[in-house]
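Take a look at the structure set out below.
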Amino acid sequence: QVQLVESGGGLVQAGGSLRLSCAASGIIFTRDAMGWHRQAPEKQRELVAEITRSGTTNYANSVKGRFTVSTDNAKNTLYLQMNSLKPEDTGVYYCNIRNVYRGNYWGQGTQVTVSS
């Protein structure tokens, strides 16, 4: 059974930093991509950052230069380092694993709130 458990969210002032972690277990298939999505109130869920099986990273334009996605394969953990946070970064952040045949797996989400 696949489990993704996020941690590291919280309340931070604008300009501050947070580091999100996602501990993955039960992964017995190829991880074509692992990443972070977020959903702000009354908005659709959007991709924030991902890292593909080949090591390519993709970022939303709004976070380029501020966020960094990384993995520790030995620990089966995905990270998102978020610097220079802005109020518009507020939302629930979800960890995601994608497999082209099995589809998407999601964590339960962690709240990030950036105050101005």
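Order determines the names: the first chain of the structure tokens is A, the second B, and so forth; residues in each chain are numbered 1 upward, and ligands are numbered 1 upward as they are shown.
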Test item: residues at most 9 Å from region 78-95 of chain A, only C-alpha atoms, excluding those fewer than 3 positions along its chain, as a PDB file with N, CA and C atoms, in the first residue's frame:
ATOM      1  N   LEU A   4       2.137   8.289   1.407  1.00  0.00           N
ATOM      2  CA  LEU A   4       2.929   9.511   1.300  1.00  0.00           C
ATOM      3  C   LEU A   4       2.551  10.394   2.480  1.00  0.00           C
ATOM      4  N   VAL A   5       3.522  10.737   3.295  1.00  0.00           N
ATOM      5  CA  VAL A   5       3.248  11.518   4.496  1.00  0.00           C
ATOM      6  C   VAL A   5       4.073  12.794   4.457  1.00  0.00           C
ATOM      7  N   GLU A   6       3.357  13.920   4.354  1.00  0.00           N
ATOM      8  CA  GLU A   6       4.025  15.217   4.303  1.00  0.00           C
ATOM      9  C   GLU A   6       4.221  15.790   5.697  1.00  0.00           C
ATOM     10  N   GLY A   9       5.009  21.872   7.077  1.00  0.00           N
ATOM     11  CA  GLY A   9       4.224  23.076   6.840  1.00  0.00           C
ATOM     12  C   GLY A   9       4.098  23.913   8.105  1.00  0.00           C
ATOM     13  N   VAL A  12       4.519  31.220   8.464  1.00  0.00           N
ATOM     14  CA  VAL A  12       5.790  31.931   8.345  1.00  0.00           C
ATOM     15  C   VAL A  12       5.518  33.322   7.795  1.00  0.00           C
ATOM     16  N   GLN A  13       6.359  34.257   8.151  1.00  0.00           N
ATOM     17  CA  GLN A  13       6.219  35.611   7.615  1.00  0.00           C
ATOM     18  C   GLN A  13       6.783  35.690   6.206  1.00  0.00           C
ATOM     19  N   ALA A  14       6.277  36.628   5.444  1.00  0.00           N
ATOM     20  CA  ALA A  14       6.791  36.851   4.092  1.00  0.00           C
ATOM     21  C   ALA A  14       8.304  37.067   4.151  1.00  0.00           C
ATOM     22  N   GLY A  15       8.999  36.434   3.206  1.00  0.00           N
ATOM     23  CA  GLY A  15      10.452  36.502   3.183  1.00  0.00           C
ATOM     24  C   GLY A  15      11.125  35.357   3.909  1.00  0.00           C
ATOM     25  N   GLY A  16      10.354  34.603   4.653  1.00  0.00           N
ATOM     26  CA  GLY A  16      10.891  33.482   5.412  1.00  0.00           C
ATOM     27  C   GLY A  16      11.036  32.229   4.576  1.00  0.00           C
ATOM     28  N   SER A  17      11.427  31.147   5.262  1.00  0.00           N
ATOM     29  CA  SER A  17      11.682  29.874   4.589  1.00  0.00           C
ATOM     30  C   SER A  17      10.990  28.729   5.322  1.00  0.00           C
ATOM     31  N   LEU A  18      10.674  27.700   4.574  1.00  0.00           N
ATOM     32  CA  LEU A  18      10.171  26.447   5.113  1.00  0.00           C
ATOM     33  C   LEU A  18      10.736  25.308   4.277  1.00  0.00           C
ATOM     34  N   ARG A  19      10.852  24.151   4.906  1.00  0.00           N
ATOM     35  CA  ARG A  19      11.257  22.951   4.190  1.00  0.00           C
ATOM     36  C   ARG A  19      10.218  21.875   4.400  1.00  0.00           C
ATOM     37  N   LEU A  20       9.604  21.462   3.304  1.00  0.00           N
ATOM     38  CA  LEU A  20       8.625  20.387   3.352  1.00  0.00           C
ATOM     39  C   LEU A  20       9.312  19.051   3.087  1.00  0.00           C
ATOM     40  N   SER A  21       8.801  18.018   3.746  1.00  0.00           N
ATOM     41  CA  SER A  21       9.296  16.662   3.531  1.00  0.00           C
ATOM     42  C   SER A  21       8.129  15.749   3.212  1.00  0.00           C
ATOM     43  N   CYS A  22       8.398  14.738   2.418  1.00  0.00           N
ATOM     44  CA  CYS A  22       7.395  13.736   2.087  1.00  0.00           C
ATOM     45  C   CYS A  22       8.053  12.369   2.182  1.00  0.00           C
ATOM     46  N   ALA A  23       7.621  11.607   3.168  1.00  0.00           N
ATOM     47  CA  ALA A  23       8.147  10.254   3.360  1.00  0.00           C
ATOM     48  C   ALA A  23       7.267   9.270   2.603  1.00  0.00           C
ATOM     49  N   ALA A  24       7.882   8.525   1.702  1.00  0.00           N
ATOM     50  CA  ALA A  24       7.142   7.580   0.870  1.00  0.00           C
ATOM     51  C   ALA A  24       7.412   6.149   1.318  1.00  0.00           C
ATOM     52  N   MET A  34       8.226  12.622  -9.171  1.00  0.00           N
ATOM     53  CA  MET A  34       7.791  12.933  -7.803  1.00  0.00           C
ATOM     54  C   MET A  34       7.772  14.439  -7.693  1.00  0.00           C
ATOM     55  N   GLY A  35       6.767  14.944  -7.024  1.00  0.00           N
ATOM     56  CA  GLY A  35       6.703  16.389  -6.966  1.00  0.00           C
ATOM     57  C   GLY A  35       5.756  16.915  -5.929  1.00  0.00           C
ATOM     58  N   TRP A  36       5.613  18.227  -5.954  1.00  0.00           N
ATOM     59  CA  TRP A  36       4.739  18.954  -5.037  1.00  0.00           C
ATOM     60  C   TRP A  36       3.724  19.764  -5.835  1.00  0.00           C
ATOM     61  N   HIS A  37       2.500  19.677  -5.397  1.00  0.00           N
ATOM     62  CA  HIS A  37       1.432  20.492  -5.941  1.00  0.00           C
ATOM     63  C   HIS A  37       0.861  21.306  -4.781  1.00  0.00           C
ATOM     64  N   ARG A  38       0.181  22.380  -5.087  1.00  0.00           N
ATOM     65  CA  ARG A  38      -0.470  23.152  -4.025  1.00  0.00           C
ATOM     66  C   ARG A  38      -1.846  23.589  -4.479  1.00  0.00           C
ATOM     67  N   GLN A  39      -2.683  23.814  -3.484  1.00  0.00           N
ATOM     68  CA  GLN A  39      -4.038  24.298  -3.756  1.00  0.00           C
ATOM     69  C   GLN A  39      -4.340  25.433  -2.795  1.00  0.00           C
ATOM     70  N   ALA A  40      -4.535  26.609  -3.367  1.00  0.00           N
ATOM     71  CA  ALA A  40      -4.928  27.782  -2.592  1.00  0.00           C
ATOM     72  C   ALA A  40      -6.450  27.805  -2.494  1.00  0.00           C
ATOM     73  N   PRO A  41      -6.979  28.513  -1.502  1.00  0.00           N
ATOM     74  CA  PRO A  41      -8.439  28.589  -1.357  1.00  0.00           C
ATOM     75  C   PRO A  41      -9.117  29.050  -2.643  1.00  0.00           C
ATOM     76  N   ARG A  45      -5.810  22.976  -7.959  1.00  0.00           N
ATOM     77  CA  ARG A  45      -4.499  22.460  -7.580  1.00  0.00           C
ATOM     78  C   ARG A  45      -3.543  22.672  -8.748  1.00  0.00           C
ATOM     79  N   VAL A  48       3.775  22.719  -8.425  1.00  0.00           N
ATOM     80  CA  VAL A  48       4.761  23.656  -7.918  1.00  0.00           C
ATOM     81  C   VAL A  48       6.154  23.265  -8.413  1.00  0.00           C
ATOM     82  N   ALA A  49       6.507  22.005  -8.197  1.00  0.00           N
ATOM     83  CA  ALA A  49       7.836  21.545  -8.592  1.00  0.00           C
ATOM     84  C   ALA A  49       7.823  20.026  -8.659  1.00  0.00           C
ATOM     85  N   SER A  62       6.149  30.840 -11.065  1.00  0.00           N
ATOM     86  CA  SER A  62       6.011  31.696  -9.888  1.00  0.00           C
ATOM     87  C   SER A  62       6.985  31.342  -8.766  1.00  0.00           C
ATOM     88  N   VAL A  63       7.598  30.163  -8.828  1.00  0.00           N
ATOM     89  CA  VAL A  63       8.491  29.749  -7.746  1.00  0.00           C
ATOM     90  C   VAL A  63       9.941  29.582  -8.198  1.00  0.00           C
ATOM     91  N   GLY A  65      13.651  29.984  -8.862  1.00  0.00           N
ATOM     92  CA  GLY A  65      14.647  30.795  -8.169  1.00  0.00           C
ATOM     93  C   GLY A  65      14.424  30.884  -6.677  1.00  0.00           C
ATOM     94  N   ARG A  66      13.269  30.434  -6.208  1.00  0.00           N
ATOM     95  CA  ARG A  66      12.961  30.497  -4.772  1.00  0.00           C
ATOM     96  C   ARG A  66      12.799  29.115  -4.153  1.00  0.00           C
ATOM     97  N   PHE A  67      12.259  28.178  -4.911  1.00  0.00           N
ATOM     98  CA  PHE A  67      11.992  26.830  -4.404  1.00  0.00           C
ATOM     99  C   PHE A  67      12.965  25.839  -5.037  1.00  0.00           C
ATOM    100  N   THR A  68      13.300  24.805  -4.271  1.00  0.00           N
ATOM    101  CA  THR A  68      14.155  23.743  -4.785  1.00  0.00           C
ATOM    102  C   THR A  68      13.582  22.395  -4.369  1.00  0.00           C
ATOM    103  N   VAL A  69      13.367  21.535  -5.359  1.00  0.00           N
ATOM    104  CA  VAL A  69      12.871  20.178  -5.096  1.00  0.00           C
ATOM    105  C   VAL A  69      14.053  19.217  -5.133  1.00  0.00           C
ATOM    106  N   SER A  70      14.033  18.242  -4.220  1.00  0.00           N
ATOM    107  CA  SER A  70      15.122  17.272  -4.184  1.00  0.00           C
ATOM    108  C   SER A  70      14.616  15.970  -3.580  1.00  0.00           C
ATOM    109  N   THR A  71      15.392  14.915  -3.772  1.00  0.00           N
ATOM    110  CA  THR A  71      15.035  13.616  -3.214  1.00  0.00           C
ATOM    111  C   THR A  71      16.231  13.008  -2.491  1.00  0.00           C
ATOM    112  N   ASP A  72      15.935  12.191  -1.521  1.00  0.00           N
ATOM    113  CA  ASP A  72      16.921  11.345  -0.868  1.00  0.00           C
ATOM    114  C   ASP A  72      16.426   9.918  -1.074  1.00  0.00           C
ATOM    115  N   ASN A  73      16.952   9.272  -2.108  1.00  0.00           N
ATOM    116  CA  ASN A  73      16.436   7.952  -2.468  1.00  0.00           C
ATOM    117  C   ASN A  73      16.682   6.915  -1.383  1.00  0.00           C
ATOM    118  N   LYS A  75      16.422   7.375   1.687  1.00  0.00           N
ATOM    119  CA  LYS A  75      15.399   7.547   2.715  1.00  0.00           C
ATOM    120  C   LYS A  75      13.991   7.546   2.133  1.00  0.00           C
ATOM    121  N   TYR A 105      -0.454   9.213  -7.158  1.00  0.00           N
ATOM    122  CA  TYR A 105      -0.661   8.963  -5.740  1.00  0.00           C
ATOM    123  C   TYR A 105      -0.417  10.265  -4.996  1.00  0.00           C
ATOM    124  N   TRP A 106      -1.242  10.497  -3.970  1.00  0.00           N
ATOM    125  CA  TRP A 106      -1.188  11.774  -3.255  1.00  0.00           C
ATOM    126  C   TRP A 106      -1.044  11.576  -1.760  1.00  0.00           C
ATOM    127  N   GLY A 107      -0.370  12.525  -1.125  1.00  0.00           N
ATOM    128  CA  GLY A 107      -0.354  12.581   0.321  1.00  0.00           C
ATOM    129  C   GLY A 107      -1.584  13.321   0.815  1.00  0.00           C
ATOM    130  N   GLN A 108      -1.674  13.470   2.129  1.00  0.00           N
ATOM    131  CA  GLN A 108      -2.847  14.103   2.715  1.00  0.00           C
ATOM    132  C   GLN A 108      -2.759  15.618   2.712  1.00  0.00           C
ATOM    133  N   GLY A 109      -1.567  16.148   2.442  1.00  0.00           N
ATOM    134  CA  GLY A 109      -1.386  17.594   2.359  1.00  0.00           C
ATOM    135  C   GLY A 109      -0.885  18.206   3.650  1.00  0.00           C
ATOM    136  N   THR A 110      -0.163  19.299   3.507  1.00  0.00           N
ATOM    137  CA  THR A 110       0.305  20.059   4.659  1.00  0.00           C
ATOM    138  C   THR A 110       0.081  21.546   4.380  1.00  0.00           C
ATOM    139  N   GLN A 111      -0.435  22.245   5.375  1.00  0.00           N
ATOM    140  CA  GLN A 111      -0.800  23.647   5.194  1.00  0.00           C
ATOM    141  C   GLN A 111       0.426  24.546   5.309  1.00  0.00           C
ATOM    142  N   VAL A 112       0.549  25.446   4.352  1.00  0.00           N
ATOM    143  CA  VAL A 112       1.569  26.494   4.401  1.00  0.00           C
ATOM    144  C   VAL A 112       0.849  27.835   4.365  1.00  0.00           C
ATOM    145  N   THR A 113       1.114  28.654   5.355  1.00  0.00           N
ATOM    146  CA  THR A 113       0.497  29.975   5.426  1.00  0.00           C
ATOM    147  C   THR A 113       1.596  31.023   5.541  1.00  0.00           C
ATOM    148  N   VAL A 114       1.590  31.966   4.610  1.00  0.00           N
ATOM    149  CA  VAL A 114       2.592  33.032   4.608  1.00  0.00           C
ATOM    150  C   VAL A 114       1.879  34.340   4.904  1.00  0.00           C
ATOM    151  N   SER A 115       2.262  34.973   6.002  1.00  0.00           N
ATOM    152  CA  SER A 115       1.633  36.227   6.386  1.00  0.00           C
ATOM    153  C   SER A 115       2.421  37.409   5.824  1.00  0.00           C
ATOM    154  N   SER A 116       1.698  38.470   5.533  1.00  0.00           N
ATOM    155  CA  SER A 116       2.340  39.655   4.948  1.00  0.00           C
ATOM    156  C   SER A 116       2.821  40.610   6.022  1.00  0.00           C
TER     157      SER A 116
END
Inset, instruction - Go ahead and compute the interatomic distance for CA of Thr56 (chain A) and CA of Arg102 (chain A), in Å to one decimal. - result: 20.7 Å
Inset, instruction - Please measure the separation of CA of Ile28 (chain A) and CA of Tyr59 (chain A), giving the value in Å to one decimal. - result: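 Answer for the CA of Ile28 (chain A) to CA of Tyr59 (chain A) separation: 26.2 Å.
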Inset, instruction - Please report, as a PyMOL selection string, each residue of chain A to which DSSP assigns helix (DSSP H, G or I) when run on this structure's backbone. - result: chain A and resi 61-63+73-75+87-89
Legend entry - Residue with smallest distance to Gln3 (chain A) - pool A:Asn61, A:Asn96, A:Thr52, A:Gln44, counting only C-alpha atoms: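 Smallest distance to Gln3 (chain A) is found for A:Asn96.
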